[in-house]
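This is my_file17.cif. It holds mmCIF, C-alpha atoms and all ligand atoms.
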data_start
loop_
_atom_site.group_PDB
_atom_site.id
_atom_site.type_symbol
_atom_site.label_atom_id
_atom_site.label_comp_id
_atom_site.auth_asym_id
_atom_site.auth_seq_id
_atom_site.Cartn_x
_atom_site.Cartn_y
_atom_site.Cartn_z
ATOM 1 C CA MET P 1 1.489 147.905 208.652
ATOM 2 C CA ASN P 2 1.088 144.946 211.021
ATOM 3 C CA SER P 3 2.253 141.454 210.122
ATOM 4 C CA ARG P 4 -1.251 140.351 209.099
ATOM 5 C CA GLU P 5 -1.498 143.221 206.583
ATOM 6 C CA SER P 6 1.941 142.525 205.153
ATOM 7 C CA SER P 7 1.307 138.779 204.940
ATOM 8 C CA LYS P 8 0.141 137.144 201.737
ATOM 9 C CA MET P 9 -0.985 133.914 203.340
ATOM 10 C CA ILE P 10 -4.575 132.842 202.777
ATOM 11 C CA VAL P 11 -5.418 130.141 205.303
ATOM 12 C CA LEU P 12 -8.236 127.598 205.052
ATOM 13 C CA ILE P 13 -9.442 125.818 208.178
ATOM 14 C CA GLY P 14 -12.304 123.418 208.927
ATOM 15 C CA LEU P 15 -13.188 119.834 209.707
ATOM 16 C CA MET P 16 -12.017 116.880 207.639
ATOM 17 C CA GLY P 17 -13.913 116.809 204.347
ATOM 18 C CA SER P 18 -14.754 120.510 204.378
ATOM 19 C CA GLY P 19 -12.878 120.980 201.099
ATOM 20 C CA LYS P 20 -9.739 122.769 202.300
ATOM 21 C CA THR P 21 -7.359 120.953 199.952
ATOM 22 C CA THR P 22 -9.615 120.904 196.879
ATOM 23 C CA VAL P 23 -10.650 124.530 197.276
ATOM 24 C CA GLY P 24 -7.147 125.575 198.309
ATOM 25 C CA ARG P 25 -5.637 124.154 195.118
ATOM 26 C CA ALA P 26 -8.278 125.826 192.949
ATOM 27 C CA LEU P 27 -7.906 129.150 194.779
ATOM 28 C CA ALA P 28 -4.117 129.046 194.481
ATOM 29 C CA GLU P 29 -4.379 128.277 190.778
ATOM 30 C CA HIS P 30 -6.849 131.113 190.275
ATOM 31 C CA LEU P 31 -4.596 133.584 192.113
ATOM 32 C CA ASN P 32 -1.412 132.121 190.630
ATOM 33 C CA LEU P 33 -0.078 131.470 194.129
ATOM 34 C CA VAL P 34 1.718 128.508 195.640
ATOM 35 C CA PHE P 35 -0.508 125.964 197.407
ATOM 36 C CA ARG P 36 0.617 124.240 200.623
ATOM 37 C CA ASP P 37 -1.133 121.653 202.746
ATOM 38 C CA SER P 38 -0.100 121.063 206.365
ATOM 39 C CA ASP P 39 -0.583 117.263 206.123
ATOM 40 C CA GLU P 40 1.731 117.169 203.132
ATOM 41 C CA ALA P 41 4.296 119.262 205.037
ATOM 42 C CA VAL P 42 4.084 116.800 207.963
ATOM 43 C CA GLU P 43 4.625 113.859 205.596
ATOM 44 C CA ASN P 44 7.667 115.593 204.107
ATOM 45 C CA LEU P 45 9.098 116.225 207.564
ATOM 46 C CA ALA P 46 8.456 112.688 208.810
ATOM 47 C CA LYS P 47 9.191 111.030 205.469
ATOM 48 C CA THR P 48 6.171 108.819 205.988
ATOM 49 C CA SER P 49 2.389 109.068 205.677
ATOM 50 C CA VAL P 50 -0.012 110.678 208.153
ATOM 51 C CA ARG P 51 -1.625 107.277 208.688
ATOM 52 C CA GLU P 52 1.712 105.625 209.477
ATOM 53 C CA ILE P 53 2.630 108.368 211.945
ATOM 54 C CA PHE P 54 -0.688 107.836 213.780
ATOM 55 C CA GLU P 55 -0.325 104.050 213.713
ATOM 56 C CA ASN P 56 3.364 103.754 214.618
ATOM 57 C CA GLN P 57 4.051 106.824 216.764
ATOM 58 C CA GLY P 58 0.642 108.023 217.931
ATOM 59 C CA GLU P 59 -1.371 111.215 217.739
ATOM 60 C CA GLU P 60 0.871 113.156 220.134
ATOM 61 C CA VAL P 61 3.876 112.772 217.839
ATOM 62 C CA PHE P 62 1.691 113.686 214.861
ATOM 63 C CA ARG P 63 0.546 116.897 216.617
ATOM 64 C CA LYS P 64 4.162 117.877 217.378
ATOM 65 C CA LEU P 65 5.148 117.367 213.744
ATOM 66 C CA GLU P 66 2.085 119.341 212.692
ATOM 67 C CA SER P 67 3.142 122.304 214.858
ATOM 68 C CA GLN P 68 6.692 122.086 213.504
ATOM 69 C CA ALA P 69 5.374 122.005 209.930
ATOM 70 C CA LEU P 70 3.225 125.089 210.543
ATOM 71 C CA VAL P 71 6.160 127.012 212.015
ATOM 72 C CA GLU P 72 8.220 126.169 208.924
ATOM 73 C CA LEU P 73 5.410 127.098 206.525
ATOM 74 C CA CYS P 74 4.768 130.417 208.281
ATOM 75 C CA SER P 75 8.452 131.281 208.433
ATOM 76 C CA LYS P 76 8.586 131.380 204.620
ATOM 77 C CA LYS P 77 6.724 134.714 204.687
ATOM 78 C CA SER P 78 5.806 134.130 201.060
ATOM 79 C CA SER P 79 2.520 134.361 199.239
ATOM 80 C CA MET P 80 0.600 131.125 199.483
ATOM 81 C CA VAL P 81 -2.723 129.457 200.020
ATOM 82 C CA LEU P 82 -2.399 127.169 203.046
ATOM 83 C CA ALA P 83 -4.828 124.343 203.850
ATOM 84 C CA VAL P 84 -4.501 123.637 207.580
ATOM 85 C CA ALA P 85 -5.527 120.126 208.650
ATOM 86 C CA GLY P 86 -8.695 119.915 210.748
ATOM 87 C CA GLY P 87 -7.089 119.278 214.136
ATOM 88 C CA ALA P 88 -4.178 121.708 213.950
ATOM 89 C CA ILE P 89 -6.224 124.495 215.498
ATOM 90 C CA ILE P 90 -6.566 122.584 218.795
ATOM 91 C CA SER P 91 -3.146 123.910 219.774
ATOM 92 C CA GLU P 92 -3.230 127.469 221.063
ATOM 93 C CA SER P 93 0.266 128.179 219.770
ATOM 94 C CA ASN P 94 -0.751 126.996 216.288
ATOM 95 C CA ARG P 95 -3.764 129.318 216.425
ATOM 96 C CA GLU P 96 -1.606 132.256 217.507
ATOM 97 C CA LEU P 97 0.900 131.518 214.747
ATOM 98 C CA LEU P 98 -1.816 131.460 212.097
ATOM 99 C CA LYS P 99 -3.432 134.649 213.420
ATOM 100 C CA LEU P 100 -0.113 136.422 213.273
ATOM 101 C CA ASN P 101 0.759 135.318 209.748
ATOM 102 C CA ALA P 102 -2.460 135.107 207.757
ATOM 103 C CA LEU P 103 -3.955 137.809 205.612
ATOM 104 C CA CYS P 104 -7.301 136.064 206.096
ATOM 105 C CA ILE P 105 -8.462 132.798 207.655
ATOM 106 C CA VAL P 106 -11.487 131.181 206.052
ATOM 107 C CA TRP P 107 -13.439 128.506 207.930
ATOM 108 C CA LEU P 108 -14.923 126.104 205.373
ATOM 109 C CA ASP P 109 -17.967 124.384 206.789
ATOM 110 C CA ALA P 110 -20.544 121.802 205.696
ATOM 111 C CA PRO P 111 -23.054 119.512 207.434
ATOM 112 C CA THR P 112 -21.727 116.171 208.677
ATOM 113 C CA PRO P 113 -23.366 114.028 205.908
ATOM 114 C CA THR P 114 -21.551 116.161 203.307
ATOM 115 C CA LEU P 115 -18.255 115.763 205.186
ATOM 116 C CA ILE P 116 -18.781 112.009 205.360
ATOM 117 C CA SER P 117 -19.388 111.731 201.626
ATOM 118 C CA ARG P 118 -16.143 113.615 200.949
ATOM 119 C CA THR P 119 -13.880 111.969 203.533
ATOM 120 C CA GLY P 120 -14.241 108.556 201.917
ATOM 121 C CA ARG P 121 -11.710 109.756 199.345
ATOM 122 C CA GLY P 122 -8.786 110.256 201.784
ATOM 123 C CA LYS P 123 -6.631 107.558 203.390
ATOM 124 C CA HIS P 124 -4.940 109.981 205.779
ATOM 125 C CA ARG P 125 -7.772 110.103 208.328
ATOM 126 C CA PRO P 126 -7.290 107.331 210.905
ATOM 127 C CA LEU P 127 -9.459 109.235 213.409
ATOM 128 C CA LEU P 128 -12.473 108.379 211.233
ATOM 129 C CA ASP P 129 -11.761 104.648 211.024
ATOM 130 C CA GLY P 130 -14.310 103.354 213.546
ATOM 131 C CA ASP P 131 -17.401 105.543 213.654
ATOM 132 C CA PRO P 132 -16.919 108.434 211.229
ATOM 133 C CA VAL P 133 -20.288 110.093 211.942
ATOM 134 C CA GLY P 134 -19.820 109.947 215.724
ATOM 135 C CA SER P 135 -16.207 111.123 215.469
ATOM 136 C CA LEU P 136 -17.018 114.034 213.170
ATOM 137 C CA ASN P 137 -19.955 115.094 215.343
ATOM 138 C CA LYS P 138 -17.729 115.080 218.429
ATOM 139 C CA MET P 139 -14.983 116.988 216.592
ATOM 140 C CA ARG P 140 -17.571 119.539 215.491
ATOM 141 C CA LEU P 141 -18.676 120.082 219.097
ATOM 142 C CA ASP P 142 -15.118 120.352 220.405
ATOM 143 C CA ARG P 143 -13.630 122.397 217.593
ATOM 144 C CA GLU P 144 -16.389 124.714 216.396
ATOM 145 C CA PRO P 145 -15.678 127.356 219.062
ATOM 146 C CA LEU P 146 -12.013 127.324 218.009
ATOM 147 C CA TYR P 147 -12.761 127.631 214.278
ATOM 148 C CA GLN P 148 -15.143 130.460 215.121
ATOM 149 C CA GLN P 149 -12.619 132.243 217.284
ATOM 150 C CA LEU P 150 -9.822 131.945 214.722
ATOM 151 C CA ALA P 151 -11.620 132.559 211.426
ATOM 152 C CA THR P 152 -11.864 135.951 209.829
ATOM 153 C CA HIS P 153 -14.607 134.534 207.588
ATOM 154 C CA HIS P 154 -17.036 131.589 207.714
ATOM 155 C CA LEU P 155 -18.251 129.919 204.526
ATOM 156 C CA VAL P 156 -20.846 127.127 204.312
ATOM 157 C CA THR P 157 -20.002 125.256 201.141
ATOM 158 C CA GLN P 158 -22.355 122.326 200.617
ATOM 159 C CA SER P 159 -24.548 123.955 197.973
ATOM 160 C CA LEU P 160 -21.672 125.670 196.176
ATOM 161 C CA SER P 161 -19.394 124.502 193.364
ATOM 162 C CA ILE P 162 -15.621 124.701 193.836
ATOM 163 C CA ALA P 163 -15.518 127.730 191.508
ATOM 164 C CA GLN P 164 -18.222 129.446 193.553
ATOM 165 C CA VAL P 165 -16.347 128.815 196.807
ATOM 166 C CA VAL P 166 -13.186 130.249 195.233
ATOM 167 C CA GLN P 167 -15.095 133.337 194.112
ATOM 168 C CA GLN P 168 -16.696 133.783 197.527
ATOM 169 C CA ILE P 169 -13.316 133.613 199.260
ATOM 170 C CA ILE P 170 -11.927 136.242 196.890
ATOM 171 C CA THR P 171 -14.895 138.501 197.636
ATOM 172 C CA LEU P 172 -15.008 137.860 201.402
ATOM 173 C CA CYS P 173 -11.287 138.517 201.821
ATOM 174 C CA SER P 174 -11.271 141.378 199.270
ATOM 175 C CA LEU P 175 -8.369 139.697 197.497
ATOM 176 C CA GLU P 176 -6.861 141.616 194.662
ATOM 177 C CA ILE P 177 -4.445 140.029 192.218
ATOM 178 C CA VAL P 178 -1.531 142.230 191.307
ATOM 179 C CA GLY P 179 1.236 141.581 188.785
ATOM 180 C CA ASN P 180 1.226 139.355 185.723
ATOM 181 C CA SER P 181 0.843 135.607 185.295
ATOM 182 C CA GLU P 182 4.577 135.000 185.808
ATOM 183 C CA ASN P 183 4.961 137.140 188.884
ATOM 184 C CA SER P 184 1.619 137.560 190.548
ATOM 185 C CA ALA P 185 0.867 138.428 194.131
ATOM 186 C CA VAL P 186 -2.192 139.125 196.150
ATOM 187 C CA ARG P 187 -3.145 142.011 198.429
HETATM 188 C C1 LIG D 1 -7.146 115.402 211.268
HETATM 189 C C2 LIG D 1 -7.334 115.873 209.986
HETATM 190 C C3 LIG D 1 -6.606 115.340 208.824
HETATM 191 C C4 LIG D 1 -5.252 114.773 209.259
HETATM 192 C C5 LIG D 1 -5.418 113.800 210.384
HETATM 193 C C6 LIG D 1 -6.109 114.390 211.606
HETATM 194 C C7 LIG D 1 -7.989 115.972 212.366
HETATM 195 O O1 LIG D 1 -6.400 116.363 207.838
HETATM 196 O O2 LIG D 1 -4.410 115.797 209.677
HETATM 197 O O3 LIG D 1 -6.127 112.680 209.920
HETATM 198 O O4 LIG D 1 -7.666 115.746 213.547
HETATM 199 O O5 LIG D 1 -8.982 116.662 212.048
HETATM 200 P P1 LIG D 1 -7.598 116.991 206.923
HETATM 201 O O6 LIG D 1 -8.352 117.975 207.748
HETATM 202 O O7 LIG D 1 -6.840 117.664 205.822
HETATM 203 O O8 LIG D 1 -8.425 115.870 206.442
#
Could you spell out this file's structure in structure tokens?
Amino acid sequence: MNSRESSKMIVLIGLMGSGKTTVGRALAEHLNLVFRDSDEAVENLAKTSVREIFENQGEEVFRKLESQALVELCSKKSSMVLAVAGGAIISESNRELLKLNALCIVWLDAPTPTLISRTGRGKHRPLLDGDPVGSLNKMRLDREPLYQQLATHHLVTQSLSIAQVVQQIITLCSLEIVGNSENSAVR
């Protein structure tokens, strides 16, 4: 059994606003697994918000903390649904780490207007402050090949409800819940 087969980590990747956190929480609840979000892990490490890290220390420091957070999350080797922030996959070592540890990696995708309508809800996205459409379009161009390369599955979500996305992920990744509600796992 290789480490991917023995891992119980379901990883969600995609651009800002693609629904990683919302879907990740719902998927984790459905599977009775722990949910983790890389931005939240960064904030716990830095003891400050993503926005403040960008504003006071810059993107480079943020990216280092992000890599550190991913190493810590992956080292837990426990069952979880992990939402990985949009830019974390730029780093080759982050991509390798995720590949090595994930049972499946789902790329959540939606057209830019859909992403824009969803990103208004988050304050942790300083990279969208000036020209969100232009920034997201550029990120799409730069990052799409990386999402494609890393993902085991690609899911376009804009016409689906959260419950439908959850169901599709379960089907695509052939996830099977084992155990009872107190001690469940996934395989
Ligand atoms: C970023 C995505 C954000 C957050 C930061 C930078 C990016 O996370 O990490 O604003 O570069 O795509 P979400 O993808 O969870 O919004």
Just the residues within 10 Å of P:His124, please, counting only C-alpha atoms, with nothing from its chain fewer than 4 positions along; format it as a ChimeraX atom specification. /P:39,49-54,119,128
Would you write out those residues with C-alpha atoms, as a JSON list (two decimals), in the coordinates of the input?
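Output below, filename out.json:
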[["chain", "number", "residue", "atom", "x", "y", "z"],
["P", 39, "ASP", "CA", -0.58, 117.26, 206.12],
["P", 49, "SER", "CA", 2.39, 109.07, 205.68],
["P", 50, "VAL", "CA", -0.01, 110.68, 208.15],
["P", 51, "ARG", "CA", -1.62, 107.28, 208.69],
["P", 52, "GLU", "CA", 1.71, 105.62, 209.48],
["P", 53, "ILE", "CA", 2.63, 108.37, 211.94],
["P", 54, "PHE", "CA", -0.69, 107.84, 213.78],
["P", 119, "THR", "CA", -13.88, 111.97, 203.53],
["P", 128, "LEU", "CA", -12.47, 108.38, 211.23]]
Could you list the residues chosen by the PyMOL selection byres (((not hetatm)) within 7 of (chain D and resi 1)) in this structure as a PDB file with C-alpha atoms, in the coordinates of the input?
ATOM      1  CA  GLY P  14     -12.304 123.418 208.927  1.00  0.00           C
ATOM      2  CA  LEU P  15     -13.188 119.834 209.707  1.00  0.00           C
ATOM      3  CA  MET P  16     -12.017 116.880 207.639  1.00  0.00           C
ATOM      4  CA  GLY P  17     -13.913 116.809 204.347  1.00  0.00           C
ATOM      5  CA  LYS P  20      -9.739 122.769 202.300  1.00  0.00           C
ATOM      6  CA  THR P  21      -7.359 120.953 199.952  1.00  0.00           C
ATOM      7  CA  ASP P  39      -0.583 117.263 206.123  1.00  0.00           C
ATOM      8  CA  VAL P  50      -0.012 110.678 208.153  1.00  0.00           C
ATOM      9  CA  VAL P  84      -4.501 123.637 207.580  1.00  0.00           C
ATOM     10  CA  ALA P  85      -5.527 120.126 208.650  1.00  0.00           C
ATOM     11  CA  GLY P  86      -8.695 119.915 210.748  1.00  0.00           C
ATOM     12  CA  GLY P  87      -7.089 119.278 214.136  1.00  0.00           C
ATOM     13  CA  ALA P  88      -4.178 121.708 213.950  1.00  0.00           C
ATOM     14  CA  HIS P 124      -4.940 109.981 205.779  1.00  0.00           C
ATOM     15  CA  ARG P 125      -7.772 110.103 208.328  1.00  0.00           C
ATOM     16  CA  PRO P 126      -7.290 107.331 210.905  1.00  0.00           C
ATOM     17  CA  LEU P 127      -9.459 109.235 213.409  1.00  0.00           C
TER      18      LEU P 127
END
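Every protein or nucleic acid residue with an atom no more than 12 Å from P:His30, counting all atoms listed in the file and leaving out same-chain residues fewer than 2 positions away, appears here: P:Val23, P:Gly24, P:Arg25, P:Ala26, P:Leu27, P:Ala28, P:Asn32, P:Leu33, P:Val34, P:Phe35, P:Met80, P:Val81, P:Ile162, P:Ala163, P:Gln164, P:Val165, P:Val166, P:Gln167, P:Ile169, P:Ile170, P:Leu175, P:Glu176, P:Ile177, P:Ser181, P:Ser184, P:Ala185, P:Val186.
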Pick out the residues sitting within 9 Å of P:Leu108, and hand them over as JSON, numbers by chain; count only C-alpha atoms, and ignore anything fewer than 2 positions along from it in its own chain. {"P": [12, 13, 14, 15, 18, 19, 20, 106, 110, 153, 154, 155, 156, 157]}
Can I get the selection written as a PDB file, keeping the file's coordinate frame, with C-alpha atoms?
ATOM      1  CA  LEU P  12      -8.236 127.598 205.052  1.00  0.00           C
ATOM      2  CA  ILE P  13      -9.442 125.818 208.178  1.00  0.00           C
ATOM      3  CA  GLY P  14     -12.304 123.418 208.927  1.00  0.00           C
ATOM      4  CA  LEU P  15     -13.188 119.834 209.707  1.00  0.00           C
ATOM      5  CA  SER P  18     -14.754 120.510 204.378  1.00  0.00           C
ATOM      6  CA  GLY P  19     -12.878 120.980 201.099  1.00  0.00           C
ATOM      7  CA  LYS P  20      -9.739 122.769 202.300  1.00  0.00           C
ATOM      8  CA  VAL P 106     -11.487 131.181 206.052  1.00  0.00           C
ATOM      9  CA  ALA P 110     -20.544 121.802 205.696  1.00  0.00           C
ATOM     10  CA  HIS P 153     -14.607 134.534 207.588  1.00  0.00           C
ATOM     11  CA  HIS P 154     -17.036 131.589 207.714  1.00  0.00           C
ATOM     12  CA  LEU P 155     -18.251 129.919 204.526  1.00  0.00           C
ATOM     13  CA  VAL P 156     -20.846 127.127 204.312  1.00  0.00           C
ATOM     14  CA  THR P 157     -20.002 125.256 201.141  1.00  0.00           C
TER      15      THR P 157
END
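The coordinates place atom CA of P:Leu82 at 26.7 Å from atom CA of P:Asn56.
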Best match for closeness to P:Ser159 among P:Lys64, P:Glu72, P:Pro111, P:Asp142, counting only C-alpha atoms: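 Nearest to P:Ser159: P:Pro111.
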Here's the selection I'm unsure about, the PyMOL selection byres (((chain P and resi 79) around 6) and not hetatm); applied to the file above, which residues does it give, as a PDB file with C-alpha atoms, keeping the file's coordinate frame?
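As a result, selection.pdb now contains:
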ATOM      1  CA  LYS P   8       0.141 137.144 201.737  1.00  0.00           C
ATOM      2  CA  MET P   9      -0.985 133.914 203.340  1.00  0.00           C
ATOM      3  CA  SER P  78       5.806 134.130 201.060  1.00  0.00           C
ATOM      4  CA  MET P  80       0.600 131.125 199.483  1.00  0.00           C
TER       5      MET P  80
END
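Our summary of the geometry notes that atom CA of P:Asn44 is positioned 9.0 Å from atom CA of P:Ala69.
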Completion of stretch 1-37 of chain P up to N, CA and C atoms, as an mmCIF file, in the coordinates of the input:
data_model
loop_
_atom_site.group_PDB
_atom_site.id
_atom_site.type_symbol
_atom_site.label_atom_id
_atom_site.label_comp_id
_atom_site.auth_asym_id
_atom_site.auth_seq_id
_atom_site.Cartn_x
_atom_site.Cartn_y
_atom_site.Cartn_z
ATOM 1 N N MET P 1 2.096 149.150 209.157
ATOM 2 C CA MET P 1 1.489 147.905 208.652
ATOM 3 C C MET P 1 1.796 146.748 209.617
ATOM 4 N N ASN P 2 0.791 146.074 210.138
ATOM 5 C CA ASN P 2 1.088 144.946 211.021
ATOM 6 C C ASN P 2 1.369 143.702 210.192
ATOM 7 N N SER P 3 1.801 142.610 210.900
ATOM 8 C CA SER P 3 2.253 141.454 210.122
ATOM 9 C C SER P 3 1.106 140.833 209.332
ATOM 10 N N ARG P 4 -0.153 140.927 209.858
ATOM 11 C CA ARG P 4 -1.251 140.351 209.099
ATOM 12 C C ARG P 4 -1.417 141.103 207.764
ATOM 13 N N GLU P 5 -1.318 142.457 207.815
ATOM 14 C CA GLU P 5 -1.498 143.221 206.583
ATOM 15 C C GLU P 5 -0.375 142.972 205.580
ATOM 16 N N SER P 6 0.834 142.724 206.078
ATOM 17 C CA SER P 6 1.941 142.525 205.153
ATOM 18 C C SER P 6 2.002 141.080 204.651
ATOM 19 N N SER P 7 1.273 140.186 205.317
ATOM 20 C CA SER P 7 1.307 138.779 204.940
ATOM 21 C C SER P 7 0.484 138.534 203.679
ATOM 22 N N LYS P 8 0.887 137.502 202.943
ATOM 23 C CA LYS P 8 0.141 137.144 201.737
ATOM 24 C C LYS P 8 -0.403 135.724 201.881
ATOM 25 N N MET P 9 -0.566 135.298 203.124
ATOM 26 C CA MET P 9 -0.985 133.914 203.340
ATOM 27 C C MET P 9 -2.501 133.842 203.522
ATOM 28 N N ILE P 10 -3.134 133.048 202.655
ATOM 29 C CA ILE P 10 -4.575 132.842 202.777
ATOM 30 C C ILE P 10 -4.754 131.454 203.372
ATOM 31 N N VAL P 11 -5.351 131.396 204.548
ATOM 32 C CA VAL P 11 -5.418 130.141 205.303
ATOM 33 C C VAL P 11 -6.833 129.584 205.287
ATOM 34 N N LEU P 12 -6.932 128.272 205.016
ATOM 35 C CA LEU P 12 -8.236 127.598 205.052
ATOM 36 C C LEU P 12 -8.245 126.635 206.224
ATOM 37 N N ILE P 13 -9.296 126.723 207.036
ATOM 38 C CA ILE P 13 -9.442 125.818 208.178
ATOM 39 C C ILE P 13 -10.806 125.138 208.100
ATOM 40 N N GLY P 14 -11.001 124.097 208.891
ATOM 41 C CA GLY P 14 -12.304 123.418 208.927
ATOM 42 C C GLY P 14 -12.110 121.927 209.161
ATOM 43 N N LEU P 15 -13.228 121.269 209.420
ATOM 44 C CA LEU P 15 -13.188 119.834 209.707
ATOM 45 C C LEU P 15 -12.737 119.035 208.490
ATOM 46 N N MET P 16 -12.376 117.790 208.742
ATOM 47 C CA MET P 16 -12.017 116.880 207.639
ATOM 48 C C MET P 16 -13.193 116.811 206.653
ATOM 49 N N GLY P 17 -12.876 116.906 205.374
ATOM 50 C CA GLY P 17 -13.913 116.809 204.347
ATOM 51 C C GLY P 17 -14.581 118.136 204.028
ATOM 52 N N SER P 18 -14.106 119.213 204.644
ATOM 53 C CA SER P 18 -14.754 120.510 204.378
ATOM 54 C C SER P 18 -14.290 121.119 203.060
ATOM 55 N N GLY P 19 -13.287 120.528 202.434
ATOM 56 C CA GLY P 19 -12.878 120.980 201.099
ATOM 57 C C GLY P 19 -11.632 121.848 201.097
ATOM 58 N N LYS P 20 -10.902 121.867 202.203
ATOM 59 C CA LYS P 20 -9.739 122.769 202.300
ATOM 60 C C LYS P 20 -8.716 122.525 201.183
ATOM 61 N N THR P 21 -8.400 121.253 200.946
ATOM 62 C CA THR P 21 -7.359 120.953 199.952
ATOM 63 C C THR P 21 -7.867 121.206 198.533
ATOM 64 N N THR P 22 -9.063 120.728 198.237
ATOM 65 C CA THR P 22 -9.615 120.904 196.879
ATOM 66 C C THR P 22 -9.794 122.383 196.559
ATOM 67 N N VAL P 23 -10.405 123.102 197.493
ATOM 68 C CA VAL P 23 -10.650 124.530 197.276
ATOM 69 C C VAL P 23 -9.320 125.290 197.284
ATOM 70 N N GLY P 24 -8.446 124.895 198.198
ATOM 71 C CA GLY P 24 -7.147 125.575 198.309
ATOM 72 C C GLY P 24 -6.365 125.503 197.008
ATOM 73 N N ARG P 25 -6.346 124.314 196.406
ATOM 74 C CA ARG P 25 -5.637 124.154 195.118
ATOM 75 C C ARG P 25 -6.252 125.041 194.040
ATOM 76 N N ALA P 26 -7.587 125.042 193.982
ATOM 77 C CA ALA P 26 -8.278 125.826 192.949
ATOM 78 C C ALA P 26 -8.062 127.326 193.187
ATOM 79 N N LEU P 27 -8.107 127.732 194.447
ATOM 80 C CA LEU P 27 -7.906 129.150 194.779
ATOM 81 C C LEU P 27 -6.482 129.581 194.418
ATOM 82 N N ALA P 28 -5.519 128.728 194.768
ATOM 83 C CA ALA P 28 -4.117 129.046 194.481
ATOM 84 C C ALA P 28 -3.908 129.164 192.969
ATOM 85 N N GLU P 29 -4.521 128.238 192.236
ATOM 86 C CA GLU P 29 -4.379 128.277 190.778
ATOM 87 C C GLU P 29 -4.982 129.569 190.229
ATOM 88 N N HIS P 30 -6.162 129.908 190.738
ATOM 89 C CA HIS P 30 -6.849 131.113 190.275
ATOM 90 C C HIS P 30 -6.017 132.374 190.554
ATOM 91 N N LEU P 31 -5.364 132.396 191.711
ATOM 92 C CA LEU P 31 -4.596 133.584 192.113
ATOM 93 C C LEU P 31 -3.137 133.504 191.662
ATOM 94 N N ASN P 32 -2.799 132.378 191.033
ATOM 95 C CA ASN P 32 -1.412 132.121 190.630
ATOM 96 C C ASN P 32 -0.462 132.172 191.827
ATOM 97 N N LEU P 33 -0.897 131.546 192.913
ATOM 98 C CA LEU P 33 -0.078 131.470 194.129
ATOM 99 C C LEU P 33 0.321 130.022 194.373
ATOM 100 N N VAL P 34 1.312 129.852 195.224
ATOM 101 C CA VAL P 34 1.718 128.508 195.640
ATOM 102 C C VAL P 34 0.640 127.943 196.570
ATOM 103 N N PHE P 35 0.406 126.623 196.475
ATOM 104 C CA PHE P 35 -0.508 125.964 197.407
ATOM 105 C C PHE P 35 0.284 125.065 198.340
ATOM 106 N N ARG P 36 -0.003 125.134 199.644
ATOM 107 C CA ARG P 36 0.617 124.240 200.623
ATOM 108 C C ARG P 36 -0.468 123.626 201.497
ATOM 109 N N ASP P 37 -0.182 122.401 201.936
ATOM 110 C CA ASP P 37 -1.133 121.653 202.746
ATOM 111 C C ASP P 37 -0.366 121.156 203.977
#
